[in-house]
file target29.tsv (TSV, C-alpha atoms)
chain	number	residue	atom	x	y	z
R	1	MET	CA	-104.87	-37.78	-23.90
R	2	ARG	CA	-101.74	-35.92	-22.84
R	3	VAL	CA	-102.55	-36.60	-19.19
R	4	ARG	CA	-102.81	-40.32	-19.90
R	5	ILE	CA	-99.48	-40.32	-21.70
R	6	PHE	CA	-97.87	-38.44	-18.82
R	7	ILE	CA	-99.29	-40.90	-16.27
R	8	PHE	CA	-98.13	-43.85	-18.38
R	9	ILE	CA	-94.57	-42.44	-18.62
R	10	LEU	CA	-94.59	-41.74	-14.88
R	11	ILE	CA	-95.62	-45.32	-14.08
R	12	ILE	CA	-92.95	-46.72	-16.41
R	13	GLY	CA	-90.38	-44.51	-14.70
R	14	ILE	CA	-91.44	-45.66	-11.23
R	15	ILE	CA	-91.09	-49.30	-12.33
R	16	CYS	CA	-87.91	-49.02	-14.41
R	17	VAL	CA	-85.71	-46.80	-12.25
R	18	PRO	CA	-85.64	-49.16	-9.20
R	19	ALA	CA	-85.25	-52.13	-11.57
R	20	TYR	CA	-82.26	-50.44	-13.19
R	21	PHE	CA	-80.50	-49.88	-9.87
R	22	ILE	CA	-81.22	-53.43	-8.71
R	23	MET	CA	-79.85	-54.89	-11.96
R	24	SER	CA	-76.86	-52.56	-11.78
R	25	SER	CA	-76.01	-53.54	-8.20
R	26	PHE	CA	-75.90	-57.20	-9.25
R	27	GLY	CA	-73.71	-56.43	-12.27
R	28	LEU	CA	-76.37	-57.60	-14.71
R	29	LEU	CA	-75.82	-54.60	-17.00
R	30	GLN	CA	-72.06	-55.06	-17.41
R	31	ASN	CA	-70.16	-57.38	-19.74
R	32	GLU	CA	-67.72	-58.63	-17.07
R	33	LYS	CA	-68.04	-60.72	-13.92
R	34	VAL	CA	-65.80	-61.04	-10.87
R	35	LEU	CA	-64.76	-64.64	-10.09
R	36	VAL	CA	-65.90	-64.68	-6.46
R	37	HIS	CA	-67.10	-68.30	-6.48
R	38	TYR	CA	-64.46	-69.83	-8.75
R	39	LYS	CA	-61.05	-71.47	-8.40
R	40	LEU	CA	-58.32	-69.81	-10.45
R	41	ALA	CA	-55.93	-72.24	-12.15
R	42	VAL	CA	-53.15	-72.21	-14.72
R	43	GLU	CA	-52.84	-74.83	-17.45
R	44	VAL	CA	-49.45	-76.37	-18.18
R	45	LYS	CA	-49.13	-79.31	-20.62
R	46	ASN	CA	-52.87	-80.02	-20.44
R	47	LYS	CA	-52.86	-80.16	-16.64
R	48	LYS	CA	-54.42	-77.66	-14.25
R	49	TYR	CA	-52.64	-76.21	-11.23
R	50	ASP	CA	-54.00	-73.98	-8.49
R	51	ALA	CA	-52.77	-70.42	-9.17
R	52	TRP	CA	-53.01	-69.29	-5.52
R	53	PRO	CA	-52.03	-66.82	-4.05
R	54	LEU	CA	-53.66	-65.15	-7.04
R	55	ILE	CA	-57.04	-64.17	-5.61
R	56	SER	CA	-60.14	-65.09	-7.61
R	57	SER	CA	-62.26	-62.34	-6.00
R	58	TYR	CA	-59.78	-59.80	-7.43
R	59	THR	CA	-60.06	-61.41	-10.87
R	60	ALA	CA	-62.69	-60.80	-13.54
R	61	ILE	CA	-63.40	-62.05	-17.06
R	62	ASP	CA	-65.81	-61.27	-19.85
R	63	LYS	CA	-69.14	-63.03	-19.33
R	64	ARG	CA	-69.15	-64.39	-22.86
R	65	GLY	CA	-67.20	-64.49	-26.10
R	66	ASP	CA	-64.65	-66.74	-27.80
R	67	SER	CA	-61.71	-64.57	-26.70
R	68	ARG	CA	-62.57	-63.59	-23.14
R	69	GLN	CA	-60.41	-60.90	-21.59
R	70	LEU	CA	-58.80	-61.33	-18.18
R	71	TYR	CA	-58.94	-58.46	-15.66
R	72	TYR	CA	-57.30	-58.03	-12.27
R	73	GLN	CA	-58.15	-55.47	-9.61
R	74	ALA	CA	-55.79	-52.51	-9.98
R	75	GLU	CA	-55.33	-52.08	-6.25
R	76	GLY	CA	-55.62	-55.77	-5.33
R	77	SER	CA	-52.75	-57.83	-3.98
R	78	GLY	CA	-51.15	-60.57	-6.04
R	79	LEU	CA	-51.09	-58.95	-9.46
R	80	GLU	CA	-47.33	-59.53	-9.73
R	81	TYR	CA	-47.97	-63.29	-9.83
R	82	LEU	CA	-49.64	-62.87	-13.23
R	83	PHE	CA	-46.37	-61.45	-14.53
R	84	GLN	CA	-44.55	-64.49	-13.16
R	85	LEU	CA	-46.99	-66.79	-14.94
R	86	ALA	CA	-46.37	-64.85	-18.15
R	87	TYR	CA	-42.60	-65.23	-17.80
R	88	GLY	CA	-42.72	-68.84	-16.58
R	89	GLN	CA	-41.15	-67.95	-13.24
R	90	TYR	CA	-42.72	-70.70	-11.16
R	91	GLU	CA	-42.44	-74.36	-10.25
R	92	LEU	CA	-45.20	-76.96	-10.38
R	93	ARG	CA	-45.98	-78.96	-7.28
R	94	PRO	CA	-48.11	-82.01	-8.09
R	95	SER	CA	-50.75	-82.99	-5.55
R	96	LYS	CA	-53.85	-85.18	-5.35
R	97	GLU	CA	-55.45	-83.18	-2.54
R	98	ASN	CA	-57.99	-81.53	-4.85
R	99	PRO	CA	-59.42	-84.09	-7.32
R	100	PHE	CA	-60.19	-81.31	-9.83
R	101	LEU	CA	-56.60	-80.04	-9.96
R	102	ASN	CA	-53.20	-81.62	-10.58
R	103	GLY	CA	-51.45	-79.64	-7.87
R	104	GLY	CA	-50.37	-76.06	-7.25
R	105	VAL	CA	-47.94	-73.41	-8.40
R	106	HIS	CA	-44.92	-72.28	-6.37
R	107	TYR	CA	-43.79	-68.83	-7.50
R	108	THR	CA	-40.03	-68.28	-7.55
R	109	MET	CA	-38.38	-65.31	-5.86
R	110	ASP	CA	-35.58	-64.56	-8.33
R	111	HIS	CA	-37.25	-61.93	-10.50
R	112	PRO	CA	-37.65	-58.14	-10.74
R	113	GLU	CA	-40.45	-56.43	-8.86
R	114	TYR	CA	-43.10	-56.12	-11.53
R	115	VAL	CA	-45.60	-54.01	-9.56
R	116	ARG	CA	-44.28	-50.98	-7.71
R	117	GLU	CA	-46.05	-48.13	-5.97
R	118	GLU	CA	-44.95	-44.50	-5.93
R	119	LYS	CA	-46.36	-41.55	-4.04
R	120	GLN	CA	-46.74	-38.47	-6.24
R	121	TYR	CA	-46.97	-35.41	-3.99
R	122	GLU	CA	-49.08	-32.41	-4.99
R	123	ASN	CA	-47.97	-30.52	-1.91
R	124	ALA	CA	-46.56	-31.33	1.52
R	125	ASN	CA	-49.85	-32.84	2.65
R	126	ASP	CA	-51.59	-34.36	-0.39
R	127	CYS	CA	-50.37	-37.14	-2.65
R	128	THR	CA	-51.59	-39.70	-5.15
R	129	GLU	CA	-50.36	-43.28	-5.02
R	130	LEU	CA	-49.41	-44.42	-8.51
R	131	THR	CA	-48.88	-48.05	-9.48
R	132	HIS	CA	-46.22	-48.78	-12.08
R	133	TYR	CA	-46.08	-52.06	-14.00
R	134	TYR	CA	-42.68	-53.23	-15.27
R	135	ASN	CA	-41.48	-55.82	-17.76
R	136	GLN	CA	-38.61	-58.25	-17.22
R	137	GLN	CA	-36.14	-55.61	-18.42
R	138	GLU	CA	-37.44	-53.34	-15.63
R	139	GLN	CA	-38.98	-50.88	-18.06
R	140	ILE	CA	-42.30	-49.27	-17.15
R	141	ILE	CA	-45.02	-50.60	-19.43
R	142	TYR	CA	-47.99	-48.91	-17.77
R	143	THR	CA	-48.88	-46.61	-14.87
R	144	TYR	CA	-52.22	-46.75	-13.09
R	145	ASN	CA	-53.39	-43.49	-11.54
R	146	PRO	CA	-56.55	-43.92	-9.41
R	147	GLU	CA	-57.25	-40.19	-9.53
R	148	ALA	CA	-57.03	-39.85	-13.32
R	149	LYS	CA	-59.87	-40.15	-15.82
R	150	LEU	CA	-60.60	-43.80	-16.54
R	151	ASP	CA	-58.23	-45.10	-19.22
R	152	LYS	CA	-60.64	-47.33	-21.14
R	153	THR	CA	-57.81	-48.86	-23.15
R	154	TYR	CA	-56.43	-50.77	-20.18
R	155	VAL	CA	-58.83	-50.16	-17.28
R	156	ARG	CA	-62.41	-51.19	-16.63
R	157	SER	CA	-64.64	-50.23	-13.72
R	158	ILE	CA	-66.34	-53.49	-12.69
R	159	ILE	CA	-69.04	-54.25	-10.12
R	160	THR	CA	-68.73	-57.29	-7.86
R	161	ALA	CA	-72.23	-58.72	-8.18
R	162	GLY	CA	-74.34	-58.76	-5.03
R	163	MET	CA	-71.76	-57.08	-2.79
R	164	THR	CA	-72.12	-53.62	-1.25
R	165	ARG	CA	-69.68	-51.18	0.29
R	166	THR	CA	-70.79	-49.01	3.24
R	167	THR	CA	-69.72	-45.38	3.54
R	168	GLY	CA	-71.20	-43.51	6.49
R	169	ASN	CA	-74.92	-44.25	6.55
R	170	SER	CA	-75.20	-45.27	2.90
R	171	SER	CA	-74.25	-48.36	0.95
R	172	ARG	CA	-73.52	-48.87	-2.72
R	173	PRO	CA	-72.44	-51.73	-4.99
R	174	VAL	CA	-68.77	-52.72	-4.76
R	175	LYS	CA	-67.19	-51.22	-7.85
R	176	ASP	CA	-63.43	-51.19	-8.47
R	177	ASP	CA	-60.98	-50.48	-11.26
R	178	TYR	CA	-59.55	-53.54	-13.00
R	179	ILE	CA	-56.54	-53.75	-15.30
R	180	ASN	CA	-57.15	-55.53	-18.62
R	181	ILE	CA	-54.35	-58.08	-18.22
R	182	SER	CA	-55.01	-59.71	-21.59
R	183	LYS	CA	-54.47	-56.48	-23.49
R	184	LEU	CA	-51.64	-55.22	-21.27
R	185	PHE	CA	-49.66	-58.45	-21.70
R	186	LYS	CA	-50.34	-58.80	-25.43
R	187	ASP	CA	-49.44	-55.19	-26.21
R	188	ASN	CA	-46.39	-54.89	-23.95
R	189	LEU	CA	-45.05	-58.39	-23.22
R	190	GLY	CA	-46.04	-60.22	-26.39
R	191	VAL	CA	-47.89	-62.78	-24.27
R	192	ASN	CA	-51.33	-64.14	-25.21
R	193	VAL	CA	-53.66	-64.94	-22.32
R	194	LYS	CA	-56.29	-67.60	-22.94
R	195	VAL	CA	-59.22	-68.01	-20.54
R	196	GLU	CA	-61.34	-71.16	-20.24
R	197	VAL	CA	-64.37	-71.45	-17.97
R	198	ASP	CA	-65.65	-74.70	-16.48
R	199	GLU	CA	-68.99	-73.70	-14.99
R	200	ASP	CA	-69.81	-77.19	-13.70
R	201	ASN	CA	-66.64	-77.45	-11.60
R	202	LYS	CA	-66.23	-73.71	-10.92
R	203	ILE	CA	-62.73	-73.49	-12.40
R	204	VAL	CA	-61.38	-70.65	-14.54
R	205	THR	CA	-58.17	-71.79	-16.24
R	206	LEU	CA	-55.50	-69.48	-17.64
R	207	SER	CA	-52.86	-70.36	-20.19
R	208	MET	CA	-50.16	-67.95	-21.33
R	209	THR	CA	-48.17	-68.33	-24.53
call {"tool": "encode", "arguments": {"input": "target29.tsv", "output": "structure tokens"}}
result
Amino acid sequence: MRVRIFIFILIIGIICVPAYFIMSSFGLLQNEKVLVHYKLAVEVKNKKYDAWPLISSYTAIDKRGDSRQLYYQAEGSGLEYLFQLAYGQYELRPSKENPFLNGGVHYTMDHPEYVREEKQYENANDCTELTHYYNQQEQIIYTYNPEAKLDKTYVRSIITAGMTRTTGNSSRPVKDDYINISKLFKDNLGVNVKVEVDEDNKIVTLSMT
């Protein structure tokens, strides 16, 4: 009887372990998804405008829920544009080029640098590159340290479904740290970020109030 139980557990293990890794590599076990195949837009007065050069493949949202959180890759370019959207530092440029959008956003240049990097040296040879996030008053509201223990309050480690990263002779799922923009902005800027998903037209629309 014990032998049968052992064999049964062994078979279950052989089946489940590969299945777990396959599901994990496609992000099926996480609550967030990276917006690789979506257009990122911002809503202004019930119209949608292309938010480029914000990069959708650096952006993630919760897969479900009434109040989906917005995430942006901690070491991805373009994060400062989210601050400009929050502060309304942009101009709208209407266009009929894309029938699903009302035009695009032109980000203004007259603003503080909201995302700044700093090298923190441990010795003459080794250093850690910190990323500081600032508000409009140029006060630091958060610092991201890639070497520190994951700060689950503001940072999530998210897999980009179906993509792998090669290191040497091995490959693994693409997994990066993402800043919870919704919580960061609400807690530190007093800005609410609303996320709407149009699956049919592949548009994720942000509105900030």
call {"tool": "residues_around", "arguments": {"input": "target29.tsv", "residues": "stretch 124-138 of chain R", "least_positions_apart": "2", "cutoff": "10 Å", "atoms": "all atoms listed in the file", "output": "mmCIF file with C-alpha atoms, keeping the file's coordinate frame"}}
result
data_model
loop_
_atom_site.group_PDB
_atom_site.id
_atom_site.type_symbol
_atom_site.label_atom_id
_atom_site.label_comp_id
_atom_site.auth_asym_id
_atom_site.auth_seq_id
_atom_site.Cartn_x
_atom_site.Cartn_y
_atom_site.Cartn_z
ATOM 1 C CA ALA R 74 -55.790 -52.510 -9.980
ATOM 2 C CA GLU R 75 -55.330 -52.080 -6.250
ATOM 3 C CA LEU R 79 -51.090 -58.950 -9.460
ATOM 4 C CA GLU R 80 -47.330 -59.530 -9.730
ATOM 5 C CA PHE R 83 -46.370 -61.450 -14.530
ATOM 6 C CA GLN R 84 -44.550 -64.490 -13.160
ATOM 7 C CA TYR R 87 -42.600 -65.230 -17.800
ATOM 8 C CA HIS R 111 -37.250 -61.930 -10.500
ATOM 9 C CA PRO R 112 -37.650 -58.140 -10.740
ATOM 10 C CA GLU R 113 -40.450 -56.430 -8.860
ATOM 11 C CA TYR R 114 -43.100 -56.120 -11.530
ATOM 12 C CA VAL R 115 -45.600 -54.010 -9.560
ATOM 13 C CA ARG R 116 -44.280 -50.980 -7.710
ATOM 14 C CA GLU R 117 -46.050 -48.130 -5.970
ATOM 15 C CA GLU R 118 -44.950 -44.500 -5.930
ATOM 16 C CA LYS R 119 -46.360 -41.550 -4.040
ATOM 17 C CA GLN R 120 -46.740 -38.470 -6.240
ATOM 18 C CA TYR R 121 -46.970 -35.410 -3.990
ATOM 19 C CA GLU R 122 -49.080 -32.410 -4.990
ATOM 20 C CA ILE R 140 -42.300 -49.270 -17.150
ATOM 21 C CA ILE R 141 -45.020 -50.600 -19.430
ATOM 22 C CA TYR R 142 -47.990 -48.910 -17.770
ATOM 23 C CA THR R 143 -48.880 -46.610 -14.870
ATOM 24 C CA TYR R 144 -52.220 -46.750 -13.090
ATOM 25 C CA ASN R 145 -53.390 -43.490 -11.540
ATOM 26 C CA PRO R 146 -56.550 -43.920 -9.410
ATOM 27 C CA GLU R 147 -57.250 -40.190 -9.530
ATOM 28 C CA ALA R 148 -57.030 -39.850 -13.320
ATOM 29 C CA LEU R 184 -51.640 -55.220 -21.270
ATOM 30 C CA PHE R 185 -49.660 -58.450 -21.700
ATOM 31 C CA ASN R 188 -46.390 -54.890 -23.950
ATOM 32 C CA LEU R 189 -45.050 -58.390 -23.220
#
call {"tool": "residues_around", "arguments": {"input": "target29.tsv", "residues": "R:Ile179", "least_positions_apart": "6", "cutoff": "9 Å", "atoms": "all atoms listed in the file", "output": "PyMOL selection string"}}
result
chain R and resi 70-74+144+154-157
call {"tool": "atom_distance", "arguments": {"input": "target29.tsv", "atom1": "atom CA of R:Ile181", "atom2": "atom CA of R:Pro94"}}
result
26.7 Å
call {"tool": "atom_distance", "arguments": {"input": "target29.tsv", "atom1": "atom CA of R:Asn180", "atom2": "atom CA of R:Ala161"}}
result
18.6 Å
call {"tool": "axis_aligned_box", "arguments": {"input": "target29.tsv", "around": "stretch 60-76 of chain R", "padding_each_side": "8 Å", "output": "lines of an AutoDock Vina configuration file"}}
result
center_x = -62.2
center_y = -59.4
center_z = -16.6
size_x = 29.8
size_y = 30.7
size_z = 38.5
call {"tool": "residues_around", "arguments": {"input": "target29.tsv", "residues": "R:Gly88", "least_positions_apart": "3", "cutoff": "12 Å", "atoms": "all atoms listed in the file", "output": "list in words"}}
result
Val42, Glu43, Val44, Tyr81, Leu82, Phe83, Gln84, Leu85, Glu91, Leu92, Val105, His106, Tyr107, Thr108, Asp110, His111, Gln136, Val191, Ser207, Met208 and Thr209 of chain R
call {"tool": "decode", "arguments": {"input": "target29.tsv", "residues": "stretch 43-69 of chain R", "atoms": "N, CA, C and O atoms", "output": "CSV table (one decimal), in the first residue's frame"}}
result
chain,number,residue,atom,x,y,z
R,43,GLU,N,-6.8,59.4,-21.3
R,43,GLU,CA,-8.1,59.9,-21.6
R,43,GLU,C,-8.2,61.3,-21.1
R,43,GLU,O,-7.9,61.6,-19.9
R,44,VAL,N,-8.6,62.2,-21.9
R,44,VAL,CA,-8.8,63.6,-21.6
R,44,VAL,C,-10.2,64.1,-22.2
R,44,VAL,O,-10.3,64.0,-23.4
R,45,LYS,N,-11.1,64.5,-21.3
R,45,LYS,CA,-12.4,64.9,-21.7
R,45,LYS,C,-13.1,63.9,-22.6
R,45,LYS,O,-13.6,64.2,-23.7
R,46,ASN,N,-13.0,62.7,-22.2
R,46,ASN,CA,-13.7,61.6,-22.9
R,46,ASN,C,-13.1,61.2,-24.3
R,46,ASN,O,-13.8,60.5,-25.1
R,47,LYS,N,-11.9,61.7,-24.5
R,47,LYS,CA,-11.2,61.4,-25.8
R,47,LYS,C,-9.9,60.7,-25.4
R,47,LYS,O,-9.3,60.9,-24.4
R,48,LYS,N,-9.5,59.8,-26.3
R,48,LYS,CA,-8.3,59.0,-26.1
R,48,LYS,C,-7.1,59.5,-27.0
R,48,LYS,O,-7.3,59.6,-28.2
R,49,TYR,N,-6.0,59.6,-26.3
R,49,TYR,CA,-4.8,60.1,-27.0
R,49,TYR,C,-3.6,59.2,-26.8
R,49,TYR,O,-3.4,58.7,-25.6
R,50,ASP,N,-2.9,58.9,-27.8
R,50,ASP,CA,-1.7,58.0,-27.7
R,50,ASP,C,-0.7,58.6,-26.7
R,50,ASP,O,-0.3,59.7,-26.8
R,51,ALA,N,-0.3,57.7,-25.7
R,51,ALA,CA,0.6,58.2,-24.7
R,51,ALA,C,2.1,58.0,-25.0
R,51,ALA,O,2.9,58.3,-24.1
R,52,TRP,N,2.4,57.6,-26.2
R,52,TRP,CA,3.8,57.4,-26.6
R,52,TRP,C,4.5,58.7,-26.4
R,52,TRP,O,4.0,59.8,-26.6
R,53,PRO,N,5.8,58.7,-26.0
R,53,PRO,CA,6.7,57.6,-25.9
R,53,PRO,C,6.7,56.7,-24.6
R,53,PRO,O,7.7,56.1,-24.3
R,54,LEU,N,5.6,56.8,-23.9
R,54,LEU,CA,5.4,55.7,-22.9
R,54,LEU,C,5.4,54.4,-23.6
R,54,LEU,O,4.7,54.2,-24.6
R,55,ILE,N,6.1,53.4,-23.1
R,55,ILE,CA,6.2,52.1,-23.7
R,55,ILE,C,5.3,51.1,-23.1
R,55,ILE,O,5.5,50.8,-21.9
R,56,SER,N,4.5,50.5,-23.9
R,56,SER,CA,3.5,49.5,-23.4
R,56,SER,C,4.2,48.3,-22.8
R,56,SER,O,3.7,47.7,-21.9
R,57,SER,N,5.3,47.9,-23.5
R,57,SER,CA,5.9,46.6,-23.0
R,57,SER,C,6.7,46.8,-21.7
R,57,SER,O,7.2,45.9,-21.1
R,58,TYR,N,6.8,48.1,-21.2
R,58,TYR,CA,7.3,48.4,-19.9
R,58,TYR,C,6.2,48.6,-18.9
R,58,TYR,O,6.5,48.9,-17.7
R,59,THR,N,5.0,48.5,-19.4
R,59,THR,CA,3.8,48.8,-18.5
R,59,THR,C,3.1,47.5,-18.2
R,59,THR,O,2.9,46.6,-19.0
R,60,ALA,N,2.5,47.4,-17.0
R,60,ALA,CA,1.8,46.3,-16.6
R,60,ALA,C,0.5,46.7,-15.8
R,60,ALA,O,0.5,47.8,-15.2
R,61,ILE,N,-0.5,45.9,-15.7
R,61,ILE,CA,-1.7,46.1,-14.9
R,61,ILE,C,-2.1,44.9,-14.3
R,61,ILE,O,-1.7,43.8,-14.6
R,62,ASP,N,-3.0,45.0,-13.3
R,62,ASP,CA,-3.6,43.8,-12.7
R,62,ASP,C,-4.5,43.1,-13.8
R,62,ASP,O,-5.1,43.8,-14.6
R,63,LYS,N,-4.6,41.8,-13.8
R,63,LYS,CA,-5.3,41.1,-14.8
R,63,LYS,C,-6.8,41.3,-14.6
R,63,LYS,O,-7.6,41.3,-15.6
R,64,ARG,N,-7.2,41.5,-13.4
R,64,ARG,CA,-8.7,41.7,-13.1
R,64,ARG,C,-8.9,42.6,-11.9
R,64,ARG,O,-7.9,42.9,-11.2
R,65,GLY,N,-10.1,42.9,-11.7
R,65,GLY,CA,-10.5,43.8,-10.6
R,65,GLY,C,-11.1,45.1,-11.0
R,65,GLY,O,-10.8,45.6,-12.1
R,66,ASP,N,-11.9,45.7,-10.1
R,66,ASP,CA,-12.5,47.0,-10.4
R,66,ASP,C,-11.6,48.1,-10.4
R,66,ASP,O,-11.7,49.1,-11.1
R,67,SER,N,-10.6,48.0,-9.5
R,67,SER,CA,-9.6,49.1,-9.3
R,67,SER,C,-8.2,48.5,-9.7
R,67,SER,O,-7.4,48.3,-8.8
R,68,ARG,N,-8.0,48.3,-11.0
R,68,ARG,CA,-6.7,47.8,-11.4
R,68,ARG,C,-5.5,48.7,-11.1
R,68,ARG,O,-5.7,49.9,-11.3
R,69,GLN,N,-4.4,48.2,-10.7
R,69,GLN,CA,-3.2,49.0,-10.4
R,69,GLN,C,-2.4,49.1,-11.7
R,69,GLN,O,-2.4,48.1,-12.5
